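Colleague: So here's start_10.txt, just compact mmCIF, C-alpha atoms:
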# COMPACT_ATOMS: atom_id res chain seq x y z
CA MET A 6 -1.30 37.24 -21.55
CA ALA A 7 0.66 34.32 -20.11
CA THR A 8 0.60 30.98 -21.89
CA VAL A 9 -0.52 27.77 -20.16
CA LEU A 10 3.08 26.59 -19.84
CA GLU A 11 4.05 29.93 -18.31
CA LEU A 12 1.18 29.73 -15.84
CA PHE A 13 2.12 26.15 -14.90
CA ASN A 14 5.87 26.12 -15.30
CA GLN A 15 7.72 23.28 -13.65
CA LYS A 16 9.14 25.39 -10.83
CA GLU A 17 5.66 26.52 -9.83
CA ILE A 18 4.34 22.96 -9.86
CA LEU A 19 7.27 21.69 -7.79
CA ASN A 20 6.63 24.45 -5.25
CA TYR A 21 2.95 23.56 -5.18
CA LEU A 22 3.66 19.87 -4.57
CA LYS A 23 6.25 20.64 -1.91
CA ASN A 24 3.71 22.62 0.10
CA ARG A 25 0.75 20.32 -0.59
CA THR A 26 -0.27 17.85 2.09
CA TYR A 27 -2.31 14.83 0.97
CA PRO A 28 -4.42 12.67 3.29
CA ALA A 29 -2.30 10.01 4.97
CA LEU A 30 -2.79 6.39 3.92
CA LEU A 31 -2.41 3.46 6.32
CA GLY A 32 0.23 1.81 4.14
CA GLU A 33 2.55 4.77 4.62
CA THR A 34 2.84 3.91 8.33
CA LEU A 35 3.33 0.18 7.73
CA PHE A 36 5.75 0.67 4.82
CA PRO A 37 7.46 4.07 5.36
CA GLU A 38 8.35 5.93 2.18
CA VAL A 39 11.95 6.35 1.02
CA LYS A 40 13.44 7.50 -2.28
CA ARG A 41 16.45 5.99 -3.97
CA ALA A 42 18.50 6.89 -7.00
CA SER A 43 18.01 3.64 -8.94
CA LEU A 44 15.12 1.70 -10.47
CA GLU A 45 16.60 -1.57 -9.22
CA PHE A 46 17.16 -2.60 -5.62
CA ASP A 47 17.76 -5.70 -3.53
CA ILE A 48 15.24 -6.88 -0.97
CA ILE A 49 16.92 -8.57 1.97
CA LYS A 50 14.42 -10.91 3.60
CA GLY A 51 15.38 -11.48 7.21
CA ALA A 52 15.51 -14.77 9.06
CA GLY A 53 12.88 -16.03 11.47
CA ARG A 54 12.57 -14.72 15.00
CA SER A 55 13.78 -17.93 16.65
CA PRO A 56 17.56 -18.38 16.98
CA VAL A 57 19.30 -21.27 15.23
CA ILE A 58 20.65 -23.32 18.10
CA ALA A 59 24.37 -23.96 18.44
CA SER A 60 25.80 -27.46 19.02
CA VAL A 61 27.76 -28.78 21.97
CA HIS A 62 31.36 -29.70 21.02
CA ALA A 63 34.14 -31.71 22.54
CA PHE A 64 37.06 -29.58 23.64
CA ASP A 65 39.73 -28.94 21.01
CA THR A 66 37.30 -29.48 18.12
CA GLU A 67 36.38 -27.04 15.35
CA ALA A 68 33.22 -24.99 15.81
CA GLU A 69 30.20 -25.93 13.74
CA ILE A 70 29.97 -23.75 10.62
CA GLY A 71 26.66 -21.93 10.31
CA SER A 72 25.03 -20.19 7.37
CA ARG A 73 23.22 -16.91 7.10
CA GLU A 74 19.48 -17.33 6.67
CA ALA A 75 18.70 -13.96 5.11
CA SER A 76 17.94 -14.12 1.40
CA LYS A 77 18.26 -11.48 -1.30
CA MET A 78 15.89 -10.79 -4.18
CA ALA A 79 16.52 -8.30 -6.96
CA MET A 80 13.53 -6.06 -7.68
CA GLU A 81 12.67 -3.40 -10.23
CA LEU A 82 10.37 -0.51 -9.42
CA ALA A 83 7.01 -0.32 -11.17
CA LEU A 84 6.24 2.68 -13.38
CA ILE A 85 2.94 4.31 -12.41
CA LYS A 86 1.45 7.26 -14.26
CA ARG A 87 -1.80 8.91 -15.32
CA LYS A 88 -2.68 12.05 -17.30
CA LEU A 89 -5.62 14.33 -18.12
CA ARG A 90 -6.09 16.44 -21.23
CA LEU A 91 -6.91 20.13 -21.28
CA GLY A 92 -9.34 20.71 -24.15
CA GLU A 93 -9.02 23.49 -26.68
CA LYS A 94 -11.74 25.55 -24.97
CA GLU A 95 -9.90 25.32 -21.64
CA ILE A 96 -6.65 26.40 -23.31
CA VAL A 97 -8.33 29.44 -24.88
CA ALA A 98 -9.95 30.39 -21.56
CA LEU A 99 -6.69 30.06 -19.61
CA GLU A 100 -4.69 32.13 -22.09
CA SER A 101 -7.42 34.77 -22.57
CA PRO A 102 -9.20 35.20 -19.23
CA ARG A 103 -11.66 38.09 -18.94
CA ASN A 104 -10.28 39.15 -15.57
CA ALA A 105 -7.91 38.07 -12.79
CA ALA A 106 -10.64 36.30 -10.84
CA GLU A 107 -11.50 34.12 -13.81
CA GLU A 108 -7.81 33.33 -14.36
CA GLN A 109 -7.45 32.21 -10.74
CA TYR A 110 -10.59 30.08 -11.01
CA LEU A 111 -9.31 28.37 -14.17
CA MET A 112 -5.87 27.84 -12.68
CA LYS A 113 -7.43 26.22 -9.62
CA GLN A 114 -9.13 23.70 -11.90
CA VAL A 115 -5.75 22.68 -13.30
CA TYR A 116 -4.26 22.38 -9.82
CA ASP A 117 -7.27 20.27 -8.87
CA ASP A 118 -6.34 18.02 -11.80
CA ILE A 119 -2.80 17.79 -10.43
CA ASP A 120 -4.14 16.81 -7.02
CA SER A 121 -6.40 14.20 -8.59
CA LEU A 122 -3.56 12.68 -10.62
CA VAL A 123 -1.14 12.60 -7.69
CA ALA A 124 -3.86 10.91 -5.62
CA SER A 125 -4.30 8.35 -8.42
CA VAL A 126 -0.62 7.43 -8.32
CA ARG A 127 -0.60 7.28 -4.51
CA ALA A 128 -3.70 5.07 -4.59
CA ARG A 129 -2.00 2.53 -6.88
CA ILE A 130 0.96 2.39 -4.51
CA GLU A 131 -1.36 1.93 -1.52
CA LEU A 132 -3.00 -0.98 -3.34
CA MET A 133 0.43 -2.60 -3.81
CA ARG A 134 1.21 -2.23 -0.11
CA MET A 135 -2.08 -3.77 0.99
CA GLU A 136 -1.75 -6.62 -1.50
CA VAL A 137 1.72 -7.37 -0.13
CA LEU A 138 0.40 -7.38 3.43
CA ALA A 139 -2.67 -9.51 2.65
CA SER A 140 -1.19 -12.01 0.17
CA GLY A 141 2.59 -11.60 0.08
CA LYS A 142 2.47 -10.69 -3.61
CA VAL A 143 2.10 -7.69 -5.92
CA THR A 144 0.12 -8.26 -9.11
CA LEU A 145 0.91 -6.02 -12.07
CA ALA A 146 -1.70 -6.91 -14.68
CA GLU A 147 -2.67 -3.76 -16.57
CA ASN A 148 -1.73 -1.83 -19.69
CA ASN A 149 -0.37 -4.95 -21.44
CA LEU A 150 1.82 -5.73 -18.44
CA SER A 151 1.50 -9.13 -16.77
CA ALA A 152 3.79 -9.77 -13.84
CA THR A 153 3.62 -10.99 -10.25
CA VAL A 154 6.15 -10.14 -7.55
CA ASP A 155 6.19 -12.91 -4.92
CA TYR A 156 7.83 -11.96 -1.63
CA GLY A 157 7.96 -15.53 -0.35
CA VAL A 158 5.65 -15.64 2.66
CA PRO A 159 6.02 -19.22 3.99
CA ALA A 160 3.21 -21.58 2.98
CA ASN A 161 2.62 -22.52 6.64
CA HIS A 162 1.93 -18.86 7.39
CA LYS A 163 -1.08 -18.83 5.09
CA GLU A 164 -4.56 -20.26 5.59
CA VAL A 165 -7.70 -20.40 3.45
CA LEU A 166 -10.69 -21.52 5.48
CA SER A 167 -13.61 -23.36 3.88
CA GLY A 168 -16.88 -25.04 4.75
CA THR A 169 -17.82 -24.98 8.43
CA SER A 170 -14.39 -23.52 9.28
CA LEU A 171 -15.36 -20.17 7.75
CA TRP A 172 -15.98 -17.56 10.42
CA SER A 173 -19.40 -16.91 8.91
CA ASP A 174 -20.37 -20.42 10.08
CA ALA A 175 -21.53 -20.87 13.67
CA ALA A 176 -19.58 -24.13 13.92
CA SER A 177 -16.24 -22.42 13.32
CA ASP A 178 -13.80 -21.48 16.09
CA PRO A 179 -12.34 -18.01 15.40
CA ILE A 180 -10.57 -17.61 18.74
CA GLY A 181 -8.98 -21.04 18.38
CA ASP A 182 -7.88 -20.15 14.86
CA LEU A 183 -6.25 -16.92 16.02
CA LEU A 184 -4.39 -18.73 18.81
CA GLU A 185 -3.18 -21.39 16.37
CA TRP A 186 -2.01 -18.83 13.82
CA GLY A 187 -0.30 -16.71 16.44
CA ASN A 188 1.56 -19.75 17.72
CA ALA A 189 2.65 -20.61 14.16
CA LEU A 190 4.84 -17.48 14.12
CA ASP A 191 8.20 -17.42 15.87
CA ALA A 192 6.92 -14.63 18.11
CA MET A 193 3.32 -13.88 19.04
CA PRO A 194 1.93 -11.11 16.84
CA THR A 195 1.21 -7.69 18.29
CA ARG A 196 -0.98 -6.32 15.49
CA ALA A 197 -3.92 -7.63 13.47
CA LEU A 198 -5.59 -6.00 10.46
CA THR A 199 -8.87 -6.97 8.85
CA SER A 200 -12.10 -5.51 7.47
CA ASN A 201 -15.22 -4.34 9.26
CA THR A 202 -17.02 -7.26 7.63
CA VAL A 203 -14.71 -9.82 9.26
CA LEU A 204 -14.85 -7.94 12.56
CA SER A 205 -18.66 -8.04 12.41
CA ARG A 206 -18.54 -11.82 11.94
CA LEU A 207 -16.42 -12.05 15.08
CA LEU A 208 -18.66 -9.78 17.13
CA THR A 209 -21.78 -11.74 16.19
CA HIS A 210 -20.22 -15.21 16.40
CA PRO A 211 -21.91 -17.37 19.10
CA LYS A 212 -18.62 -18.91 20.27
CA VAL A 213 -17.05 -15.49 20.69
CA ALA A 214 -20.04 -14.31 22.72
CA ALA A 215 -19.89 -17.50 24.81
CA ALA A 216 -16.17 -16.98 25.49
CA LEU A 217 -16.87 -13.44 26.68
CA TYR A 218 -20.15 -13.83 28.55
CA GLY A 219 -20.75 -17.54 29.04
CA ASN A 220 -22.80 -20.19 27.28
CA GLY A 221 -26.38 -19.36 26.42
CA THR A 222 -25.79 -15.62 26.37
CA THR A 223 -27.86 -13.42 24.08
CA ARG A 224 -25.40 -10.55 24.23
CA MET A 225 -23.38 -9.44 21.23
CA ALA A 226 -19.73 -8.66 21.80
CA SER A 227 -18.47 -5.11 21.54
CA ARG A 228 -15.24 -4.28 19.77
CA GLY A 229 -13.62 -3.05 22.96
CA GLU A 230 -14.58 -6.14 24.94
CA LEU A 231 -13.39 -8.44 22.16
CA ASN A 232 -10.02 -6.71 21.90
CA THR A 233 -9.57 -6.75 25.68
CA TYR A 234 -10.28 -10.49 25.71
CA LEU A 235 -7.88 -11.15 22.82
CA GLN A 236 -5.12 -9.23 24.58
CA GLN A 237 -5.71 -11.27 27.73
CA LEU A 238 -5.03 -14.36 25.60
CA GLY A 239 -1.80 -12.82 24.32
CA LEU A 240 -3.32 -11.98 20.94
CA PRO A 241 -3.33 -8.53 19.34
CA ALA A 242 -6.27 -6.15 19.30
CA ILE A 243 -7.93 -6.11 15.89
CA ALA A 244 -7.76 -2.99 13.70
CA THR A 245 -9.78 -2.51 10.53
CA TYR A 246 -9.08 -0.85 7.18
CA ASP A 247 -11.93 -0.30 4.77
CA ALA A 248 -10.71 2.56 2.58
CA LYS A 249 -11.59 2.32 -1.10
CA TYR A 250 -10.36 3.57 -4.45
CA ARG A 251 -12.07 3.86 -7.83
CA LYS A 252 -10.90 2.29 -11.07
CA GLN A 253 -11.74 3.43 -14.59
CA ALA A 254 -12.20 0.73 -17.21
CA ALA A 255 -11.21 1.09 -20.86
CA ASN A 256 -14.82 1.92 -21.76
CA GLY A 257 -14.85 4.79 -19.25
CA THR A 258 -17.00 3.13 -16.58
CA ILE A 259 -15.84 3.60 -13.01
CA SER A 260 -16.07 0.98 -10.27
CA SER A 261 -15.17 1.00 -6.60
CA ALA A 262 -12.79 -1.45 -4.92
CA ARG A 263 -11.01 -1.94 -1.60
CA TYR A 264 -7.32 -1.59 -0.82
CA PHE A 265 -7.42 -4.38 1.80
CA PRO A 266 -9.42 -7.55 1.00
CA GLU A 267 -12.77 -7.80 2.72
CA ASN A 268 -12.38 -11.52 3.51
CA LYS A 269 -8.91 -11.60 5.11
CA ILE A 270 -7.11 -11.01 8.38
CA VAL A 271 -3.36 -10.58 8.82
CA LEU A 272 -1.37 -11.03 12.02
CA PHE A 273 2.04 -9.37 12.35
CA GLY A 274 4.55 -8.02 14.81
CA PRO A 275 5.61 -4.56 16.02
CA ASP A 276 8.45 -3.98 13.56
CA THR A 277 8.27 -1.99 10.34
CA LEU A 278 7.10 -4.42 7.66
CA GLY A 279 9.22 -2.90 4.92
CA GLU A 280 9.57 0.29 2.95
CA THR A 281 7.75 1.95 0.09
CA ILE A 282 10.68 2.48 -2.24
CA TYR A 283 10.45 5.28 -4.80
CA GLY A 284 12.95 5.86 -7.58
CA PRO A 285 13.65 8.22 -10.45
CA THR A 286 11.44 8.65 -13.52
CA ALA A 287 12.49 9.55 -17.04
CA GLU A 288 10.64 12.84 -16.59
CA GLU A 289 12.67 13.64 -13.49
CA VAL A 290 15.94 12.78 -15.25
CA ARG A 291 14.98 15.09 -18.12
CA LEU A 292 14.50 17.96 -15.67
CA THR A 293 18.20 17.82 -14.84
CA ARG A 294 18.83 19.35 -18.27
CA ASP A 295 17.23 22.58 -17.09
CA PRO A 296 19.66 24.50 -14.84
CA SER A 297 16.80 26.64 -13.49
CA ILE A 298 15.16 23.56 -11.91
CA ASP A 299 16.26 22.40 -8.49
CA THR A 300 15.70 18.65 -8.85
CA GLN A 301 16.15 18.26 -5.08
CA MET A 302 12.58 19.58 -4.89
CA VAL A 303 11.21 16.60 -6.80
CA GLY A 304 9.31 14.44 -4.34
CA ASN A 305 8.09 10.88 -4.56
CA VAL A 306 5.45 11.72 -7.18
CA LEU A 307 6.23 14.18 -9.97
CA ALA A 308 3.54 16.24 -11.70
CA MET A 309 3.82 18.44 -14.78
CA VAL A 310 1.93 20.29 -17.49
CA TYR A 311 3.19 19.90 -21.07
CA GLU A 312 2.11 20.39 -24.67
CA GLU A 313 2.13 18.03 -27.65
CA GLY A 314 0.50 17.86 -31.06
CA ALA A 315 -0.87 20.57 -33.32
CA ASP A 316 -4.15 19.05 -34.45
CA PRO A 317 -5.93 18.98 -32.15
CA VAL A 318 -3.91 21.24 -29.91
CA SER A 319 -3.19 19.19 -26.79
CA THR A 320 -2.06 20.22 -23.35
CA TRP A 321 -1.69 17.53 -20.71
CA THR A 322 -1.44 17.37 -16.95
CA LYS A 323 0.42 14.26 -15.76
CA ALA A 324 1.60 12.60 -12.54
CA VAL A 325 4.24 9.88 -12.53
CA ALA A 326 6.29 7.79 -10.09
CA THR A 327 8.30 4.60 -9.91
CA ALA A 328 7.64 2.60 -6.74
CA LEU A 329 7.41 -0.83 -5.13
CA PRO A 330 7.14 -2.02 -1.52
CA SER A 331 9.90 -4.04 0.08
CA PHE A 332 8.83 -6.75 2.54
CA PRO A 333 11.71 -8.03 4.72
CA GLU A 334 9.15 -9.14 7.34
CA ALA A 335 7.60 -11.67 4.93
CA ASP A 336 8.54 -14.58 7.24
CA ASN A 337 6.88 -12.97 10.24
CA VAL A 338 3.26 -12.46 9.14
CA PHE A 339 0.27 -14.80 9.06
CA GLN A 340 -2.28 -14.27 6.29
CA ALA A 341 -5.70 -15.92 6.48
CA GLN A 342 -8.84 -15.87 4.34
CA VAL A 343 -11.63 -16.34 6.84
CA ILE A 344 -14.97 -15.61 5.11
Could you spell out this file's structure in structure tokens?

Modeller:
Amino acid sequence: MATVLELFNQKEILNYLKNRTYPALLGETLFPEVKRASLEFDIIKGAGRSPVIASVHAFDTEAEIGSREASKMAMELALIKRKLRLGEKEIVALESPRNAAEEQYLMKQVYDDIDSLVASVRARIELMRMEVLASGKVTLAENNLSATVDYGVPANHKEVLSGTSLWSDAASDPIGDLLEWGNALDAMPTRALTSNTVLSRLLTHPKVAAALYGNGTTRMASRGELNTYLQQLGLPAIATYDAKYRKQAANGTISSARYFPENKIVLFGPDTLGETIYGPTAEEVRLTRDPSIDTQMVGNVLAMVYEEGADPVSTWTKAVATALPSFPEADNVFQAQVI
């Protein structure tokens, strides 16, 4: 009978991943995915949307010397990985199935593990993208790593409301806030992203209802009517993102959390915000030693099955990637905490 490593050889896994389609995540559209050959890269942060004005000169005088506004930051991709162990009973069952149907059933369980691990890596990358969009930073505080990547969103493009200014307070002025924040950018934003919780606060806010239907109304705004009104003011329609992931603590307990913060709204323009940059992994580099492996088939996330240890016998399924978002549009977003 075939061994586990023969059943799940690297070529078979690469073929599986190449033909596997995973559910799309919002961050993939905002930060399109690219792969590069290095762990290090430079982020070029562009200048503002408004032009730097030229000066009037007397004839026969030297032109004013300008300077380029774009700035460059050196970044290093984050290593993201997760693995699951096949127990000794599973190894025995895979290598000594009673029939072909049982072998296929057991193999499907391992491929399900691969899917789960790849989804875990993709989820961590989605969290990075949403943290960049909502706060302008990526926090890497896990597995004895403590680092923060700050993309330099201008301080005057951030707002933290408090007291009666919070949109949960009837005295606040959400439409006025949105107009002020839109005007703070060099160009009016064309997109807005928030949570259903924040959107609900807007739809039930008395001043929003009054703006739509007049003072003293008892009507509650609909999402469509609100977005139509905002677009009439030159503001973007509001989209929501409430997808969640689960996180396993060291003690094994699992909790649920959101990719995009529940209490924030972000305004931004029509351009691509940045890229999700993937790079090589040590596992991928090691595959180049095997002439039977076409490393061009390695995608953004690599999965594998491997053995280690003799007591207990251990077989592992693992997914790994190196990745980090770039954010050249950092100067052209407005990030606000509103509830």

Colleague: Out of A:Glu267, A:Glu100, A:Glu81, A:Asp155, which residue has the shortest atom-to-atom distance to Ala335 of chain A when counting only C-alpha atoms?

Modeller: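 Ranked by minimum distance to Ala335 of chain A, first place goes to A:Asp155.
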
Colleague: May I have a table of the residues of segment 117-144 of chain A lying at most 12 Å from segment 161-178 of chain A, giving each one's closest pair of atoms and their distance in Å to one decimal, counting only C-alpha atoms, ordered by chain and ascending residue number, as a tab-separated table?

Modeller:
residue	atom	partner	partner_atom	distance
A:Leu138	CA	A:Lys163	CA	11.7
A:Ala139	CA	A:Lys163	CA	9.8
A:Ser140	CA	A:Lys163	CA	8.4
A:Gly141	CA	A:Lys163	CA	9.5

Colleague: Would you mind listing what lies within 10 Å of segment 196-204 of chain A as a PyMOL selection string, with all atoms listed in the file counted and same-chain residues fewer than 3 positions away left out?

Modeller: chain A and resi 138-139+172-173+183+193+207-210+228+231+240-248+263+265-276+338-344

Colleague: Using only C-alpha atoms, find the one residue out of A:Leu19, A:Leu122, A:Leu12, A:Val306 that sits nearest to Glu108 of chain A.

Modeller: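 The shortest atom-to-atom distance to Glu108 of chain A comes from A:Leu12.
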
Colleague: Lys323 of chain A: which residues within 7 Å, counting all atoms listed in the file, same-chain residues fewer than 2 positions away excluded, as a PyMOL selection string?

Modeller: chain A and resi 87-89+122+308-310+321+325

Colleague: With C-alpha atoms retained, export the selected residues as a PDB file, in the coordinates of the input.

Modeller:
ATOM      1  CA  ARG A  87      -1.800   8.910 -15.320  1.00  0.00           C
ATOM      2  CA  LYS A  88      -2.680  12.050 -17.300  1.00  0.00           C
ATOM      3  CA  LEU A  89      -5.620  14.330 -18.120  1.00  0.00           C
ATOM      4  CA  LEU A 122      -3.560  12.680 -10.620  1.00  0.00           C
ATOM      5  CA  ALA A 308       3.540  16.240 -11.700  1.00  0.00           C
ATOM      6  CA  MET A 309       3.820  18.440 -14.780  1.00  0.00           C
ATOM      7  CA  VAL A 310       1.930  20.290 -17.490  1.00  0.00           C
ATOM      8  CA  TRP A 321      -1.690  17.530 -20.710  1.00  0.00           C
ATOM      9  CA  VAL A 325       4.240   9.880 -12.530  1.00  0.00           C
TER      10      VAL A 325
END

Colleague: Rounded to one decimal place, report the atom CA of Asn24 of chain A-atom CA of Asn104 of chain A distance in Å.

Modeller: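 About the pair atom CA of Asn24 of chain A and atom CA of Asn104 of chain A: they are 26.7 Å apart.
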
Colleague: Just checking: using all atoms listed in the file, which residue out of A:Asp120, A:Glu230, A:Glu93, A:Glu289 ends up closest to Pro28 of chain A?

Modeller: A:Asp120

Colleague: Pick out the residues sitting within 8 Å of segment 39-42 of chain A, and hand them over as a list in words; count all atoms listed in the file, and ignore anything fewer than 2 positions along from it in its own chain.

Modeller: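 Once the nearby chain positions are removed, what remains is Pro37, Leu44, Glu280, Thr281, Ile282, Tyr283, Gly284, Pro285 and Asn305 of chain A.
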
Colleague: Provide an axis-aligned box for all listed atoms of segment 260-275 of chain A, padding each side by 6 Å; report its centre and its edge lengths in Å to one decimal, as AutoDock Vina command-line options.

Modeller:
--center_x -5.2 --center_y -5.3 --center_z 2.9 --size_x 33.7 --size_y 24.6 --size_z 38.3

Colleague: At a cut-off of 10 Å, using all atoms listed in the file, what residues contact Tyr116 of chain A? Leave out same-chain residues fewer than 5 positions from it and give the result as a ChimeraX atom specification.

Modeller: /A:13,18,21-22,111,121-122,322

Colleague: Given all atoms listed in the file as the basis, pick out the residue of A:Gly219, A:Pro296, A:Gly181, A:Gly304 nearest to Val123 of chain A.

Modeller: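 With all atoms listed in the file as the atom set, the closest residue is A:Gly304.
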
Colleague: Ranking A:Glu17, A:Glu45, A:Glu131, A:Glu95 by minimum distance to Ser319 of chain A and counting only C-alpha atoms, which one comes first?

Modeller: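 Of A:Glu17, A:Glu45, A:Glu131, A:Glu95, the one nearest Ser319 of chain A is A:Glu95, counting only C-alpha atoms.
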
Colleague: Can you measure atom CA of Pro179 of chain A to atom CA of Ala215 of chain A for me? One decimal in Å is fine.

Modeller: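 Distance reported for this atom pair: 12.1 Å.
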
Colleague: If we count only C-alpha atoms, what is near Gly279 of chain A at a cut-off of 8 Å, once residues fewer than 4 positions away on the same chain are taken out, given as an NGL selection string?

Modeller: :A and (35-37 or 330-334)

Colleague: Work out how far apart atom CA of Lys113 of chain A and atom CA of Ser125 of chain A are and give it in Å to one decimal.

Modeller: 18.2 Å
